[in-house]
Each structure stands twice: as C-alpha cells, then as structure tokens.
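Asks: Just so it is clear, I am handing over entry_12.cif, which has mmCIF, C-alpha atoms.
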data_input
loop_
_atom_site.group_PDB
_atom_site.id
_atom_site.type_symbol
_atom_site.label_atom_id
_atom_site.label_comp_id
_atom_site.auth_asym_id
_atom_site.auth_seq_id
_atom_site.Cartn_x
_atom_site.Cartn_y
_atom_site.Cartn_z
ATOM 1 C CA MET A 1 115.961 91.990 128.330
ATOM 2 C CA ASN A 2 115.399 95.663 127.566
ATOM 3 C CA GLY A 3 113.385 97.035 124.664
ATOM 4 C CA ASN A 4 115.439 100.206 124.252
ATOM 5 C CA LEU A 5 117.121 99.573 120.922
ATOM 6 C CA CYS A 6 117.856 103.171 119.921
ATOM 7 C CA PRO A 7 119.836 105.809 121.827
ATOM 8 C CA ASP A 8 117.119 108.479 121.848
ATOM 9 C CA CYS A 9 114.348 106.182 123.107
ATOM 10 C CA ALA A 10 113.710 106.762 126.782
ATOM 11 C CA GLY A 11 111.582 103.855 127.932
ATOM 12 C CA THR A 12 110.902 101.167 130.466
ATOM 13 C CA ASP A 13 112.299 97.658 130.753
ATOM 14 C CA VAL A 14 109.186 95.737 129.695
ATOM 15 C CA GLU A 15 110.163 92.563 131.552
ATOM 16 C CA GLY A 16 110.917 94.428 134.752
ATOM 17 C CA PHE A 17 107.716 96.452 134.511
ATOM 18 C CA PHE A 18 105.434 93.434 134.353
ATOM 19 C CA ALA A 19 107.415 91.544 136.990
ATOM 20 C CA ALA A 20 107.027 94.329 139.555
ATOM 21 C CA PRO A 21 104.719 93.288 142.430
ATOM 22 C CA ALA A 22 102.347 96.244 142.079
ATOM 23 C CA ALA A 23 102.339 96.371 138.256
ATOM 24 C CA PRO A 24 98.978 96.274 136.462
ATOM 25 C CA ARG A 25 98.412 93.119 134.452
ATOM 26 C CA LEU A 26 98.432 93.234 130.669
ATOM 27 C CA ALA A 27 94.828 92.663 129.609
ATOM 28 C CA ALA A 28 94.917 93.574 125.903
ATOM 29 C CA VAL A 29 97.088 94.825 123.062
ATOM 30 C CA SER A 30 96.256 97.293 120.316
ATOM 31 C CA VAL A 31 98.319 97.847 117.178
ATOM 32 C CA ASP A 32 98.525 100.465 114.466
ATOM 33 C CA LEU A 33 98.081 99.356 110.835
ATOM 34 C CA ASP A 34 99.988 101.391 108.234
ATOM 35 C CA ASP A 35 103.785 101.070 108.471
ATOM 36 C CA THR A 36 103.383 98.979 111.627
ATOM 37 C CA LEU A 37 101.899 95.744 110.296
ATOM 38 C CA TYR A 38 103.001 96.213 106.679
ATOM 39 C CA PRO A 39 105.031 98.696 104.579
ATOM 40 C CA GLN A 40 102.545 101.310 103.427
ATOM 41 C CA GLU A 41 104.711 102.516 100.529
ATOM 42 C CA ALA A 42 103.722 99.526 98.391
ATOM 43 C CA TRP A 43 100.019 100.288 98.823
ATOM 44 C CA LEU A 44 100.507 104.041 98.421
ATOM 45 C CA ASP A 45 102.426 103.647 95.167
ATOM 46 C CA GLY A 46 99.486 101.755 93.678
ATOM 47 C CA ALA A 47 97.012 104.375 94.904
ATOM 48 C CA LEU A 48 99.009 107.217 93.335
ATOM 49 C CA ARG A 49 99.230 105.335 90.041
ATOM 50 C CA THR A 50 95.452 104.873 90.152
ATOM 51 C CA VAL A 51 95.045 108.645 90.510
ATOM 52 C CA ALA A 52 97.471 109.347 87.650
ATOM 53 C CA HIS A 53 95.742 106.887 85.335
ATOM 54 C CA GLU A 54 92.317 108.362 86.135
ATOM 55 C CA ALA A 55 93.635 111.870 85.436
ATOM 56 C CA ALA A 56 94.934 110.683 82.075
ATOM 57 C CA ARG A 57 91.670 108.930 81.209
ATOM 58 C CA ARG A 58 89.357 111.715 82.325
ATOM 59 C CA PHE A 59 91.342 114.865 81.610
ATOM 60 C CA GLY A 60 94.083 113.820 79.218
ATOM 61 C CA LEU A 61 96.873 114.672 81.660
ATOM 62 C CA PRO A 62 100.302 113.008 81.286
ATOM 63 C CA ALA A 63 100.054 110.031 83.622
ATOM 64 C CA GLN A 64 103.756 109.514 84.292
ATOM 65 C CA ARG A 65 104.411 113.196 84.934
ATOM 66 C CA LEU A 66 101.510 113.454 87.362
ATOM 67 C CA TYR A 67 102.533 110.230 89.094
ATOM 68 C CA GLU A 68 106.023 111.619 89.651
ATOM 69 C CA ALA A 69 104.549 114.841 91.049
ATOM 70 C CA LEU A 70 102.242 112.860 93.353
ATOM 71 C CA ALA A 71 105.102 110.669 94.560
ATOM 72 C CA GLY A 72 107.201 113.752 95.229
ATOM 73 C CA GLN A 73 104.470 115.325 97.340
ATOM 74 C CA ALA A 74 103.816 112.072 99.207
ATOM 75 C CA GLY A 75 107.535 111.803 99.928
ATOM 76 C CA ARG A 76 107.239 114.967 102.007
ATOM 77 C CA GLY A 77 104.752 113.227 104.275
ATOM 78 C CA SER A 78 102.018 110.879 103.096
ATOM 79 C CA ASP A 79 99.562 111.993 105.776
ATOM 80 C CA ARG A 80 99.695 115.652 104.757
ATOM 81 C CA GLY A 81 96.456 116.840 103.204
ATOM 82 C CA GLY A 82 96.302 118.270 99.716
ATOM 83 C CA ILE A 83 98.789 115.951 98.000
ATOM 84 C CA ILE A 84 96.704 115.750 94.838
ATOM 85 C CA ASP A 85 96.060 119.513 94.770
ATOM 86 C CA ARG A 86 99.753 120.324 95.097
ATOM 87 C CA ALA A 87 100.762 117.748 92.501
ATOM 88 C CA LEU A 88 98.267 119.171 89.997
ATOM 89 C CA ALA A 89 99.540 122.673 90.654
ATOM 90 C CA GLY A 90 103.098 121.426 90.258
ATOM 91 C CA ILE A 91 102.475 120.298 86.682
ATOM 92 C CA GLY A 92 100.281 123.293 85.871
ATOM 93 C CA ALA A 93 97.051 121.296 85.539
ATOM 94 C CA ASP A 94 93.789 123.118 86.217
ATOM 95 C CA VAL A 95 91.270 120.294 86.549
ATOM 96 C CA PRO A 96 88.714 119.345 89.231
ATOM 97 C CA VAL A 97 90.337 117.495 92.112
ATOM 98 C CA GLU A 98 87.244 115.682 93.401
ATOM 99 C CA PRO A 99 87.236 112.868 90.793
ATOM 100 C CA LEU A 100 90.889 112.204 91.551
ATOM 101 C CA VAL A 101 90.256 112.084 95.297
ATOM 102 C CA GLU A 102 87.541 109.531 94.584
ATOM 103 C CA ALA A 103 89.981 107.561 92.447
ATOM 104 C CA PHE A 104 92.422 107.508 95.360
ATOM 105 C CA ARG A 105 89.697 106.325 97.729
ATOM 106 C CA SER A 106 88.571 103.651 95.280
ATOM 107 C CA HIS A 107 92.011 102.036 95.117
ATOM 108 C CA ARG A 108 91.860 98.418 96.256
ATOM 109 C CA VAL A 109 94.388 95.604 96.284
ATOM 110 C CA GLY A 110 93.943 91.871 96.240
ATOM 111 C CA CYS A 111 96.952 91.077 98.380
ATOM 112 C CA LEU A 112 99.412 92.836 100.680
ATOM 113 C CA SER A 113 102.385 91.330 102.487
ATOM 114 C CA PRO A 114 102.795 91.986 106.213
ATOM 115 C CA TYR A 115 106.202 92.589 107.699
ATOM 116 C CA PRO A 116 108.025 89.306 108.415
ATOM 117 C CA GLY A 117 106.875 87.593 111.597
ATOM 118 C CA VAL A 118 103.836 89.820 112.169
ATOM 119 C CA GLU A 119 101.189 87.152 111.572
ATOM 120 C CA ALA A 120 102.901 84.606 113.836
ATOM 121 C CA ALA A 121 103.429 87.216 116.548
ATOM 122 C CA LEU A 122 99.744 88.192 116.504
ATOM 123 C CA GLN A 123 98.763 84.532 116.707
ATOM 124 C CA ASN A 124 101.022 84.076 119.731
ATOM 125 C CA VAL A 125 99.449 87.036 121.498
ATOM 126 C CA ARG A 126 96.018 85.509 121.036
ATOM 127 C CA ARG A 127 97.236 82.048 122.149
ATOM 128 C CA ALA A 128 98.400 83.715 125.346
ATOM 129 C CA GLY A 129 94.776 84.714 125.968
ATOM 130 C CA ILE A 130 95.394 88.402 125.257
ATOM 131 C CA PRO A 131 92.771 90.035 123.001
ATOM 132 C CA VAL A 132 94.045 92.277 120.206
ATOM 133 C CA ALA A 133 92.598 95.336 118.488
ATOM 134 C CA VAL A 134 93.813 97.355 115.546
ATOM 135 C CA VAL A 135 93.554 101.143 115.925
ATOM 136 C CA THR A 136 94.049 103.023 112.672
ATOM 137 C CA ASP A 137 93.317 106.327 110.947
ATOM 138 C CA GLY A 138 92.137 106.644 107.364
ATOM 139 C CA PHE A 139 89.259 106.144 104.944
ATOM 140 C CA PRO A 140 87.332 103.280 106.599
ATOM 141 C CA PRO A 141 86.577 101.071 103.552
ATOM 142 C CA GLN A 142 90.219 101.293 102.509
ATOM 143 C CA GLN A 143 91.605 100.502 105.951
ATOM 144 C CA ARG A 144 89.374 97.450 106.270
ATOM 145 C CA ASP A 145 90.287 96.370 102.738
ATOM 146 C CA LYS A 146 93.986 96.557 103.689
ATOM 147 C CA LEU A 147 93.428 94.216 106.636
ATOM 148 C CA ALA A 148 91.629 91.744 104.393
ATOM 149 C CA ALA A 149 94.385 92.003 101.756
ATOM 150 C CA LEU A 150 96.966 91.316 104.462
ATOM 151 C CA GLY A 151 95.016 88.245 105.561
ATOM 152 C CA LEU A 152 95.139 89.486 109.150
ATOM 153 C CA ASP A 153 91.570 90.650 109.766
ATOM 154 C CA HIS A 154 90.618 87.377 111.470
ATOM 155 C CA LEU A 155 93.320 87.910 114.109
ATOM 156 C CA PHE A 156 91.683 90.965 115.654
ATOM 157 C CA ASP A 157 88.988 90.970 118.302
ATOM 158 C CA ALA A 158 88.165 94.603 117.486
ATOM 159 C CA ILE A 159 88.884 96.938 114.577
ATOM 160 C CA VAL A 160 88.746 100.663 115.292
ATOM 161 C CA VAL A 161 89.030 103.057 112.351
ATOM 162 C CA SER A 162 89.027 106.512 113.893
ATOM 163 C CA ASP A 163 87.160 108.095 110.969
ATOM 164 C CA GLU A 164 84.189 105.841 111.783
ATOM 165 C CA LEU A 165 83.832 107.583 115.136
ATOM 166 C CA GLY A 166 82.174 110.567 113.500
ATOM 167 C CA THR A 167 84.889 112.994 112.405
ATOM 168 C CA ARG A 168 88.495 113.137 111.198
ATOM 169 C CA GLU A 169 89.162 115.317 114.233
ATOM 170 C CA LEU A 170 89.126 112.128 116.338
ATOM 171 C CA ARG A 171 92.189 110.677 114.643
ATOM 172 C CA LYS A 172 95.205 109.767 116.756
ATOM 173 C CA PRO A 173 96.659 111.206 118.968
ATOM 174 C CA ARG A 174 93.169 111.888 120.290
ATOM 175 C CA PRO A 175 92.399 109.379 123.045
ATOM 176 C CA GLU A 176 88.988 108.336 121.718
ATOM 177 C CA PRO A 177 90.117 105.602 119.275
ATOM 178 C CA PHE A 178 92.153 103.905 122.014
ATOM 179 C CA LEU A 179 89.330 104.182 124.541
ATOM 180 C CA VAL A 180 86.847 102.711 122.047
ATOM 181 C CA ALA A 181 89.239 99.816 121.400
ATOM 182 C CA ALA A 182 89.585 99.091 125.119
ATOM 183 C CA ARG A 183 85.809 99.213 125.552
ATOM 184 C CA ARG A 184 85.214 96.862 122.639
ATOM 185 C CA LEU A 185 87.762 94.441 124.057
ATOM 186 C CA GLY A 186 86.115 94.669 127.459
ATOM 187 C CA VAL A 187 89.241 95.806 129.305
ATOM 188 C CA PRO A 188 90.137 98.955 131.243
ATOM 189 C CA PRO A 189 92.414 101.358 129.346
ATOM 190 C CA ARG A 190 95.011 100.902 132.087
ATOM 191 C CA GLY A 191 95.267 97.246 131.041
ATOM 192 C CA MET A 192 96.085 97.840 127.352
ATOM 193 C CA VAL A 193 99.423 98.445 125.601
ATOM 194 C CA HIS A 194 99.581 99.971 122.116
ATOM 195 C CA VAL A 195 102.185 99.230 119.428
ATOM 196 C CA GLY A 196 102.752 101.714 116.603
ATOM 197 C CA ASP A 197 105.279 103.512 114.424
ATOM 198 C CA ARG A 198 104.413 107.167 115.117
ATOM 199 C CA PRO A 199 105.570 108.636 118.441
ATOM 200 C CA GLU A 200 103.486 111.801 117.997
ATOM 201 C CA LYS A 201 100.353 109.775 117.187
ATOM 202 C CA ASP A 202 100.618 106.255 118.601
ATOM 203 C CA VAL A 203 102.675 106.823 121.736
ATOM 204 C CA ALA A 204 101.251 110.257 122.544
ATOM 205 C CA GLY A 205 97.699 109.033 121.898
ATOM 206 C CA ALA A 206 98.147 105.994 124.128
ATOM 207 C CA ARG A 207 99.444 108.243 126.879
ATOM 208 C CA ALA A 208 96.503 110.648 126.457
ATOM 209 C CA ALA A 209 94.085 107.714 126.760
ATOM 210 C CA GLY A 210 95.707 106.532 129.993
ATOM 211 C CA LEU A 211 96.857 103.209 128.581
ATOM 212 C CA LEU A 212 99.251 100.962 130.442
ATOM 213 C CA GLY A 213 101.947 101.883 127.931
ATOM 214 C CA ALA A 214 103.022 102.067 124.314
ATOM 215 C CA ILE A 215 105.815 100.584 122.228
ATOM 216 C CA ARG A 216 107.220 102.498 119.274
ATOM 217 C CA VAL A 217 108.478 100.451 116.308
ATOM 218 C CA ARG A 218 111.099 101.669 113.815
ATOM 219 C CA THR A 219 109.468 100.758 110.506
ATOM 220 C CA GLY A 220 108.036 102.663 107.577
ATOM 221 C CA GLU A 221 108.036 106.256 106.491
ATOM 222 C CA TYR A 222 108.704 107.782 109.901
ATOM 223 C CA ARG A 223 111.271 105.290 111.175
ATOM 224 C CA HIS A 224 113.997 107.948 111.466
ATOM 225 C CA ARG A 225 111.978 110.289 113.678
ATOM 226 C CA PRO A 226 113.055 110.628 117.323
ATOM 227 C CA CYS A 227 110.975 108.534 119.675
ATOM 228 C CA GLY A 228 109.552 111.501 121.562
ATOM 229 C CA GLU A 229 107.157 110.507 124.331
ATOM 230 C CA PRO A 230 108.577 107.653 126.421
ATOM 231 C CA GLY A 231 106.620 104.437 126.565
ATOM 232 C CA PHE A 232 108.144 100.954 126.860
ATOM 233 C CA GLY A 233 110.987 101.850 124.495
ATOM 234 C CA CYS A 234 111.607 101.175 120.818
ATOM 235 C CA PHE A 235 111.793 97.934 118.867
ATOM 236 C CA PRO A 236 112.929 97.360 115.284
ATOM 237 C CA ASP A 237 109.520 96.039 114.198
ATOM 238 C CA ALA A 238 106.081 95.024 115.399
ATOM 239 C CA ALA A 239 106.856 91.313 115.393
ATOM 240 C CA SER A 240 109.719 91.667 117.875
ATOM 241 C CA ALA A 241 107.695 94.100 119.992
ATOM 242 C CA LEU A 242 104.727 91.723 120.197
ATOM 243 C CA VAL A 243 106.911 88.692 120.937
ATOM 244 C CA HIS A 244 108.727 90.521 123.696
ATOM 245 C CA LEU A 245 105.540 92.013 125.117
ATOM 246 C CA THR A 246 103.810 88.626 125.232
ATOM 247 C CA TRP A 247 106.830 86.959 126.800
ATOM 248 C CA ALA A 248 107.405 89.707 129.348
ATOM 249 C CA ALA A 249 103.768 89.654 130.450
ATOM 250 C CA ARG A 250 104.235 85.993 131.412
ATOM 251 C CA VAL A 251 107.222 86.701 133.670
ATOM 252 C CA PRO A 252 106.311 85.846 137.277
ATOM 253 C CA ARG A 253 106.001 88.837 139.579
ATOM 254 C CA HIS A 254 108.702 89.291 142.177
ATOM 255 C CA ARG A 255 107.499 88.346 145.608
ATOM 256 C CA PRO A 256 107.732 91.168 148.137
#
Could you take the file, read its structure, and then write that structure out as structure tokens?
Replies:
Amino acid sequence: MNGNLCPDCAGTDVEGFFAAPAAPRLAAVSVDLDDTLYPQEAWLDGALRTVAHEAARRFGLPAQRLYEALAGQAGRGSDRGGIIDRALAGIGADVPVEPLVEAFRSHRVGCLSPYPGVEAALQNVRRAGIPVAVVTDGFPPQQRDKLAALGLDHLFDAIVVSDELGTRELRKPRPEPFLVAARRLGVPPRGMVHVGDRPEKDVAGARAAGLLGAIRVRTGEYRHRPCGEPGFGCFPDAASALVHLTWAARVPRHRP
C-alpha cells in the first residue's frame, strides 16, 4: 500500500520503509494544526469579521467593506504579514492598525470541527503506544484555544507553539520546533514522523530537524501546491495519513 496519491509527490512506500530490516522504529508522531487537523478558513473568517466589527465600533469604518478587503488580502495567502495594513489601505482608511491587530489576536471560538476521522485516528495512534505532539506556528494563546475548541488538546502528549520558543524567527521550517517536540516526547528526532499540509514548512522543517520522515496532506489553503521536498508521500488528509502510518509501523520487519 503506497502513500503516493498525487503525481508530483515523490515519496517512500511507508509500509515497505518500516518493514525493512534496518529501518528505524517509529517512536513518535507530530502533527501540524491549521489546515491539517481542521479547516482554518472557518476560524479565519470569524477573526476577520472580529477585526471589521472592531474597526466599525472604534473608528466608524464600514464593516462589510473592510471585511471584504481583509478576506481578499487573506485569499492571497493567510500567513503573509500585513493583511490588516493592506486592507485598510485598500479602502483608503487612515487609522491606527494596532487596535485591530489586538482584535484579531483576541478572537476566540467556543467550538471548531476537526476534519472527519482526525479524532479517531489520533486516538488509534495513542492506543498503539505512540506518543503524539502538535507542532504549530502562530499566536500562542490562540493556537492553544483552537486545540481546546477542537476538543483535541487531551490527545497530545506535547504541544509546541513555535512562537513560545522566544521569537517568530523560529517558526517552521526552522528545525527547533520539531526538536523541542521530540525532546518533550522523550524520543530521538530520528524516531519521529511529522504530518502537515505545507511542504515548504512541514516537510522541509522535518527534514532540517533530521526526523525519520514527513507526510504531506492535501487539505486546506495550500492543498494545490506541489509537494516539493520528498518525505513519505502525500495523503488526502491527516486521518488517512495517521491510519496508514500507524498500521505500517506495525508491519513485521522482513527477516534477512
């Protein structure tokens, strides 16, 4: 059973890799959060509406017009800096940006829905005796709030938010977040596989950290991007990747 489900994904047969006599054993799994465990667009839409409503309340700006400008900027890449600045400039508004950045950071939700099968797949990984960490970038209180809103926070043995490591410069694809996750799980980096949606962040970062491998999933905002760095191939979603990874790790090694 091969995990290569897209023509541009150069990867490894996960089952064959773990069955090889000299293969390292899978000791832990780490997963990305946004657009890997849940669709970020639902959360982001609410955050942008929070900003637009605050701009209307504080500065009298047209909320719907600003929201549309914010959504347009976010559609060009939600992780690009300066979305609020560019949206304000786009509607000709000359107001302080700091209160609106704070409004964005204050956005909280009571409930988020994970992608189908994600919760069960994480539970199966843990039942197999494999510890799991989440490795994510972003504003720490918000990222932790998302996990709680998803109802998944109890399924992780470690939570690593890269911004808590001291600087935004340590965000993925820097190796530090992955290495911290492996250390907190008590496993060598060479024993951990990472699952995420961004080849240039998740797969490249796992490679830079010397992990056992990485699996790219085709969900969320960047699902149409080429896979880039090879890992263990591509899967349609995190649930199928985790199920396959857990199953493949149980495959008996071939005897020499």
Asks: Enumerate, as a PDB file with C-alpha atoms, in the frame of the given file, the residues matched when the PyMOL selection byres ((chain A and resi 160) around 8) is run on the file above.
Replies:
ATOM      1  CA  ALA A 133      92.598  95.336 118.488  1.00  0.00           C
ATOM      2  CA  VAL A 134      93.813  97.355 115.546  1.00  0.00           C
ATOM      3  CA  VAL A 135      93.554 101.143 115.925  1.00  0.00           C
ATOM      4  CA  THR A 136      94.049 103.023 112.672  1.00  0.00           C
ATOM      5  CA  ALA A 158      88.165  94.603 117.486  1.00  0.00           C
ATOM      6  CA  ILE A 159      88.884  96.938 114.577  1.00  0.00           C
ATOM      7  CA  VAL A 161      89.030 103.057 112.351  1.00  0.00           C
ATOM      8  CA  SER A 162      89.027 106.512 113.893  1.00  0.00           C
ATOM      9  CA  GLU A 164      84.189 105.841 111.783  1.00  0.00           C
ATOM     10  CA  PRO A 177      90.117 105.602 119.275  1.00  0.00           C
ATOM     11  CA  VAL A 180      86.847 102.711 122.047  1.00  0.00           C
ATOM     12  CA  ALA A 181      89.239  99.816 121.400  1.00  0.00           C
TER      13      ALA A 181
END
Asks: What residues come out when you apply the PyMOL selection byres ((chain A and resi 33) around 9) to this file, written as number ranges by chain?
Replies: A: 31-32, 34-38, 40, 134-137, 143, 146-147, 196
Asks: Looking at only C-alpha atoms, which of A:Ser106, A:Ala214, A:Ala238, A:Ser30 is the one that sits closest to Leu179 of chain A?
Replies: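 Closest to Leu179 of chain A of all the choices is A:Ser30.
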Asks: Which one of A:Leu155, A:Pro114, A:Phe104, A:Gly75 sits closest to Arg127 of chain A if you count only C-alpha atoms?
Replies: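 Under the stated criterion, the closest residue is A:Leu155.
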Asks: When distances are computed from only C-alpha atoms, which of A:Ser78, A:Val97, A:Phe156, A:Ala103 shows the smallest separation from Gly138 of chain A?
Replies: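 Among the listed residues, A:Ser78 lies closest to Gly138 of chain A.
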Asks: Quick one: apply the PyMOL selection byres ((chain A and resi 209) around 8) to the file and drop the selected residues here as a list of chain:residue names.
Replies: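 What the PyMOL selection byres ((chain A and resi 209) around 8) grabs from the file is A:Arg174, A:Pro175, A:Glu176, A:Phe178, A:Leu179, A:Pro189, A:Gly205, A:Ala206, A:Arg207, A:Ala208, A:Gly210, A:Leu211.
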Asks: Could you list, as a list in words, every residue within 8 Å of segment 84-88 of chain A, counting only C-alpha atoms and ignoring same-chain residues fewer than 6 positions away?
Replies: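 Close residues of segment 84-88 of chain A: Leu66, Ala69, Leu70, Gln73, Asp94, Val95, Val97, Leu100 and Val101 of chain A.
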Asks: Interatomic distance between atom CA of Gly186 of chain A and atom CA of Leu170 of chain A?
Replies: 20.9 Å
Asks: Report the distance between atom CA of Gly220 of chain A and atom CA of Ala42 of chain A in Å, rounded to one decimal place.
Replies: 10.6 Å
Asks: To one decimal place, how far is atom CA of Arg105 of chain A from atom CA of Glu68 of chain A in Å?
Replies: 19.0 Å
